[in-house]
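Asker: The following block contains the structure, expressed as structure tokens.
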Amino acid sequence: MTRLRIASAVAIMAFLAVPVGMTAWSQDKADPKAAGGDKSELYQQLNLFGDVLERVRRDYVEPVDEKTLIENAINGMLSALDPHSSYMNPKTYKDMQIQTKGEFGGLGIEVTMENGVIKVVSPIDDTPASKAGLQSGDLIFALDGEPVQGMTLQDAVEKMRGKVGTPIKISVRRGTKDPFDVTLTRETIKVKAVRYHLEGGDIGYIRVTSFTEQSTSGVLDAVEKLKKEAGNKLKGYILDLRNNPGGLLDQAIAMSDAFLDKGEIVSVKARKSEDVQRWNAKPGDVANGLPIVVLMNGGSASASEIVAGALQDHKRAIILGTRSFGKGSVQTIMQVTGGGAIRLTTALYFTPSGRSIQKEGIKPDIEVEPAKIENLQARAGFREENLRRSILNPNDKSADKPPTDKTGDKPADVKPEAAKPGDAKPEAAKPGDKKDDKAAASQATPSGDPDEPPKDAVADYQLLRAADLIRGISLYSNRGN
């Protein structure tokens with residue numbers, strides 16, 4: 001029995017990388033009224049298709065493969081419906097099944113087709129695409145110099161496929177900037193779906209990069225380890241779903257359930273009114289009621305939006321960042337004759353409050369655009385303590401200390417002693433000095449989880465805002481108590 005799932009915004013990691021779907025509606029009988037009722041017209045159209053196929057096979061300037069013609073015709077029929085419906089030949093279908101287990105080959109980008117070009121939904125962390133700096137919203141208009149205009153999504157996928165270790169040049173257009181080329185080397189991608197560390201020693205940071213079979217168990221494991229590491233200092237959690245293109249529906253439901261005690265998580269509604277499915281949360285909140293902030297952006301799609309929508313509607317989390325991608329449709333994977341499958345949009349999903357986020361996305365509770373942070377040079381100045389004859393603080397226990405000069409650097413009446421001939425002079429650190437080497441090593445080694453970015457990395461403004469928000473909530477709650 002197949003299970004229901006959401007396709008991840010027509011994901012492609014140098015091949016279609018969309019999670020396996022659940023055929024909840026694949027066994028439904030055709031509705032004669034919906035199909036038009038008049039079978040004679042349908043048969044006439046099928047005769048037309050057969051006639052065109054035969055003429056192409058017989059008269060086209062070069063010999064053609066009938067199987068390829070049929071596959072292209074099927075894919076054209078499906079892709080004309082919406083951006084997420086498509087045909088998968090047996091190889092592509094097998095690749096997709098492997099991808100949902102969290103390991104696959106390719107470039108590490110999630111894409112969709114838009115106005116004849118490839119649009120990047122999001123790059124996957126630690127893959128050739130993310131290392132090369134590709135961003136959500138980038139438009140790919142050529143592959144190895146060949147324009148993608150006129151290609152189907154499947155054609156573009158095939159072009160991006162290749163042997164691990166081989167390069168491919170992609171031409172990118174980003175906003176109003178000049179187009180540029182990026183050369184990527186194909187790799188075997190092993191998706192680490194969950195990363196975590198303690199942020200500032202008191203906030204649990206959990207990043208989910210995709211919804212694979214291991215995602216929810218990875219989050220539960222992260223929560224338990226963060227609890228042990230932080231002890232009673234833990235103030236809350238940041239769930240980072242930025243640039244998460246989605247994945248398995250059951251994983252999105254399970255992850256939402258982990259942080260909810262009760263209530264509806266999501267509902268899925270098909271064309272027929274009776275084809276409605278709902279999932280509800282079971283008692284138990286792994287975060288024990290601590291504040292949660294969910295980070296989102298335009299690369300957060302599908303399953304990510306289900307989790308964010310459920311936590312937002314139940315007021316269990318504050319959504320911070322920018323509006324999400326807006327993919328509110330469910331794709332059912334149906335196996336067909338010959339070992340391939342079709343990915344067909346069969347339903348829309350709705351958040352607990354009945355919202356459809358199709359084309360709308362999840363709007364953050366607090367909108368925070370990405371920004372760079374830099375320290376401003378503070379103007380040198382005096383404080384009260386530097387002024388002459390300033391009144392002593394009555395709580396200052398060091399009032400009997402010698403008076404300082406107006407700069408506060410040293411006692412005013414104490415003169416430095418001249419160095420004695422026998423006194424040792426400070427020496428510069430020698431490269432071979434073990435003590436200095438140890439100190440240098442301790443400064444160079446990043447602390448905490450190995451996935452945590454080095455402290456001198458560019459500050460993540462959205463993350464800092466989320467951490468400040470949780471600390472503020474914790475501080476206010478403690479004062480109230």
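Following the order of the structure tokens, first chain is A, next is B, and so on, with residues numbered from 1 inside each chain and ligands from 1 in the order they appear.
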Could you pull out the residues in stretch 72-319 of chain A that DSSP calls strand (DSSP E) from the backbone, as a VMD selection string?
Answerer: chain A and resid 86 to 88 103 to 106 109 to 114 117 to 123 139 to 143 146 to 147 167 to 173 180 to 185 187 to 190 194 to 199 203 to 208 236 to 240 264 to 270 276 to 280 292 to 296 318 to 319
Asker: Would you give me, as JSON lines, each residue of stretch 236-302 of chain A having an atom within 10 Å of an atom of stretch 467-481 of chain A, along with its shortest atom pair and that distance in Å to one decimal, using only C-alpha atoms and sorting by chain and residue number?
Answerer:
{"residue": "A:Gly236", "atom": "CA", "partner": "A:Ile470", "partner_atom": "CA", "distance": 6.2}
{"residue": "A:Tyr237", "atom": "CA", "partner": "A:Ile470", "partner_atom": "CA", "distance": 7.8}
{"residue": "A:Ile238", "atom": "CA", "partner": "A:Ala467", "partner_atom": "CA", "distance": 7.4}
{"residue": "A:Leu290", "atom": "CA", "partner": "A:Ser474", "partner_atom": "CA", "distance": 8.5}
{"residue": "A:Pro291", "atom": "CA", "partner": "A:Ile470", "partner_atom": "CA", "distance": 6.3}
{"residue": "A:Ile292", "atom": "CA", "partner": "A:Ile470", "partner_atom": "CA", "distance": 7.4}
{"residue": "A:Val293", "atom": "CA", "partner": "A:Ile470", "partner_atom": "CA", "distance": 7.3}
Asker: To one decimal place in Å, what is the distance between atom CA of A:Lys192 and atom CA of A:Lys94?
Answerer: 20.7 Å
Asker: Using only C-alpha atoms, find each residue of stretch 328-404 of chain A with at least one atom at most 8 Å away from an atom of stretch 88-91 of chain A; report its shortest atom-to-atom pair and that distance in Å (one decimal), sort the rows by chain and rising residue number, and return the result as a Markdown table.
Answerer:
| residue | atom | partner | partner_atom | distance |
| --- | --- | --- | --- | --- |
| A:Gly338 | CA | A:Pro90 | CA | 7.4 |
| A:Gly339 | CA | A:Pro90 | CA | 5.1 |
| A:Gly340 | CA | A:Pro90 | CA | 4.1 |
| A:Ala341 | CA | A:Met88 | CA | 5.2 |
| A:Ile342 | CA | A:Met88 | CA | 5.8 |
| A:Arg343 | CA | A:Met88 | CA | 7.5 |
Asker: With distances taken over only C-alpha atoms, which of A:Pro179, A:Gly145, A:Pro245, A:Gly284 is nearest to A:Asp125?
Answerer: A:Pro245
Asker: Pick out the closest residue to A:Thr332 from this set: A:Ile118, A:Ala270, A:Met151, A:Ala254. Count only C-alpha atoms.
Answerer: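 Looking only at the distances to A:Thr332, the closest residue turns out to be A:Ala270.
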Asker: Within stretch 179-245 of chain A, find each residue whose DSSP state, derived from the backbone, is helix (DSSP H, G or I), and express the selection as a PyMOL selection string.
Answerer: chain A and resi 215-233
Asker: For the residues selected in the previous step, produce a file with N, CA, C and O atoms as a CSV table (one decimal), in the first residue's frame.
Answerer:
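again.csv, freshly written:
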chain,number,residue,atom,x,y,z
A,215,SER,N,13.6,12.7,9.3
A,215,SER,CA,13.6,14.0,9.8
A,215,SER,C,13.0,14.2,11.2
A,215,SER,O,13.6,14.8,12.1
A,216,THR,N,11.8,13.6,11.5
A,216,THR,CA,11.2,13.7,12.8
A,216,THR,C,12.0,13.0,13.9
A,216,THR,O,12.1,13.6,15.0
A,217,SER,N,12.5,11.8,13.6
A,217,SER,CA,13.3,11.2,14.6
A,217,SER,C,14.6,12.0,14.9
A,217,SER,O,15.0,12.1,16.1
A,218,GLY,N,15.1,12.7,13.9
A,218,GLY,CA,16.3,13.5,14.1
A,218,GLY,C,15.9,14.7,15.0
A,218,GLY,O,16.7,15.1,15.8
A,219,VAL,N,14.7,15.3,14.8
A,219,VAL,CA,14.3,16.4,15.6
A,219,VAL,C,14.1,16.0,17.1
A,219,VAL,O,14.5,16.7,18.0
A,220,LEU,N,13.5,14.9,17.3
A,220,LEU,CA,13.3,14.3,18.6
A,220,LEU,C,14.6,14.1,19.3
A,220,LEU,O,14.8,14.4,20.5
A,221,ASP,N,15.5,13.5,18.6
A,221,ASP,CA,16.9,13.2,19.2
A,221,ASP,C,17.6,14.5,19.5
A,221,ASP,O,18.2,14.7,20.6
A,222,ALA,N,17.4,15.5,18.6
A,222,ALA,CA,18.0,16.8,18.9
A,222,ALA,C,17.5,17.5,20.2
A,222,ALA,O,18.2,18.0,21.0
A,223,VAL,N,16.2,17.4,20.3
A,223,VAL,CA,15.5,18.0,21.5
A,223,VAL,C,16.1,17.4,22.8
A,223,VAL,O,16.4,18.1,23.8
A,224,GLU,N,16.1,16.1,22.8
A,224,GLU,CA,16.6,15.4,24.0
A,224,GLU,C,18.1,15.7,24.3
A,224,GLU,O,18.4,15.9,25.5
A,225,LYS,N,18.9,15.8,23.3
A,225,LYS,CA,20.3,16.1,23.6
A,225,LYS,C,20.5,17.5,24.0
A,225,LYS,O,21.4,17.9,24.8
A,226,LEU,N,19.7,18.4,23.4
A,226,LEU,CA,19.8,19.8,23.8
A,226,LEU,C,19.3,20.0,25.3
A,226,LEU,O,19.9,20.8,26.0
A,227,LYS,N,18.3,19.3,25.7
A,227,LYS,CA,17.9,19.3,27.1
A,227,LYS,C,19.0,18.9,28.0
A,227,LYS,O,19.2,19.6,29.1
A,228,LYS,N,19.6,17.8,27.7
A,228,LYS,CA,20.7,17.4,28.6
A,228,LYS,C,21.9,18.3,28.6
A,228,LYS,O,22.5,18.6,29.6
A,229,GLU,N,22.2,18.9,27.4
A,229,GLU,CA,23.3,19.8,27.4
A,229,GLU,C,23.1,21.1,28.1
A,229,GLU,O,24.0,21.7,28.8
A,230,ALA,N,21.9,21.6,28.0
A,230,ALA,CA,21.6,22.9,28.6
A,230,ALA,C,21.1,22.8,30.0
A,230,ALA,O,21.2,23.8,30.8
A,231,GLY,N,20.5,21.7,30.4
A,231,GLY,CA,20.0,21.5,31.7
A,231,GLY,C,18.8,22.5,31.9
A,231,GLY,O,18.0,22.7,31.1
A,232,ASN,N,18.7,23.1,33.1
A,232,ASN,CA,17.6,23.9,33.5
A,232,ASN,C,17.8,25.4,32.9
A,232,ASN,O,17.0,26.2,33.2
A,233,LYS,N,18.8,25.6,32.1
A,233,LYS,CA,19.1,26.9,31.5
A,233,LYS,C,18.3,27.1,30.2
A,233,LYS,O,18.2,28.2,29.7
Asker: Restricting the calculation to only C-alpha atoms: of A:Leu249, A:Ile357, A:Ala317, A:Ile366, which residue gets closest to A:Gln331?
Answerer: A:Leu249
Asker: I'd like the neighbourhood of A:Asp181 as number ranges by chain, where a residue qualifies if any of its atoms comes within 10 Å (using only C-alpha atoms), though same-chain residues fewer than 5 positions away should be ignored.
Answerer: A: 140, 142-145, 169-173
Asker: Can you write just those residues out, C-alpha atoms, as an mmCIF file, in the first residue's frame?
Answerer:
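Below is the file that was written, again.cif:
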data_model
loop_
_atom_site.group_PDB
_atom_site.id
_atom_site.type_symbol
_atom_site.label_atom_id
_atom_site.label_comp_id
_atom_site.auth_asym_id
_atom_site.auth_seq_id
_atom_site.Cartn_x
_atom_site.Cartn_y
_atom_site.Cartn_z
ATOM 1 C CA ILE A 140 18.739 29.182 -14.593
ATOM 2 C CA ALA A 142 21.208 27.812 -19.790
ATOM 3 C CA LEU A 143 22.955 24.518 -19.035
ATOM 4 C CA ASP A 144 26.439 24.090 -20.502
ATOM 5 C CA GLY A 145 25.632 26.938 -22.869
ATOM 6 C CA LYS A 169 28.131 25.078 -16.207
ATOM 7 C CA ILE A 170 24.861 26.772 -15.386
ATOM 8 C CA SER A 171 23.960 30.322 -16.423
ATOM 9 C CA VAL A 172 22.093 32.244 -13.753
ATOM 10 C CA ARG A 173 20.040 35.429 -13.652
#
Asker: What is the distance, in Å and to one decimal place, between atom CA of A:Glu187 and atom CA of A:Pro128?
Answerer: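 Separation of atom CA of A:Glu187 and atom CA of A:Pro128: 7.3 Å.
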Asker: So that I can check the surroundings of A:Ser329, please list as a list in words every protein, DNA and RNA residue that reaches within 8 Å of it, counting only C-alpha atoms and ignoring chain neighbours fewer than 5 positions away.
Answerer: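 Final neighbour list, sorted by chain and number: Ile6, Ser302, Thr345, Thr346, Ala347, Leu348, Tyr349 and Gln358 of chain A.
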Asker: Can you tell me how far atom CA of A:Ile189 sits from atom CA of A:Arg161, in Å to one decimal?
Answerer: 12.7 Å
Asker: I'd like the contact shell of A:Glu114 - 12 Å cut-off, only C-alpha atoms, skipping same-chain residues fewer than 5 positions apart - returned as a list in words.
Answerer: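 Listing them by chain and then by number gives Ala9, Val10, Ser79, Asp82, Pro83, His84, Lys119, Val120, Val121, Gly137, Asp138, Leu139, Ile140, Phe141, Val148, Gln149, Gly150, Met151, Thr152 and Leu153 of chain A.
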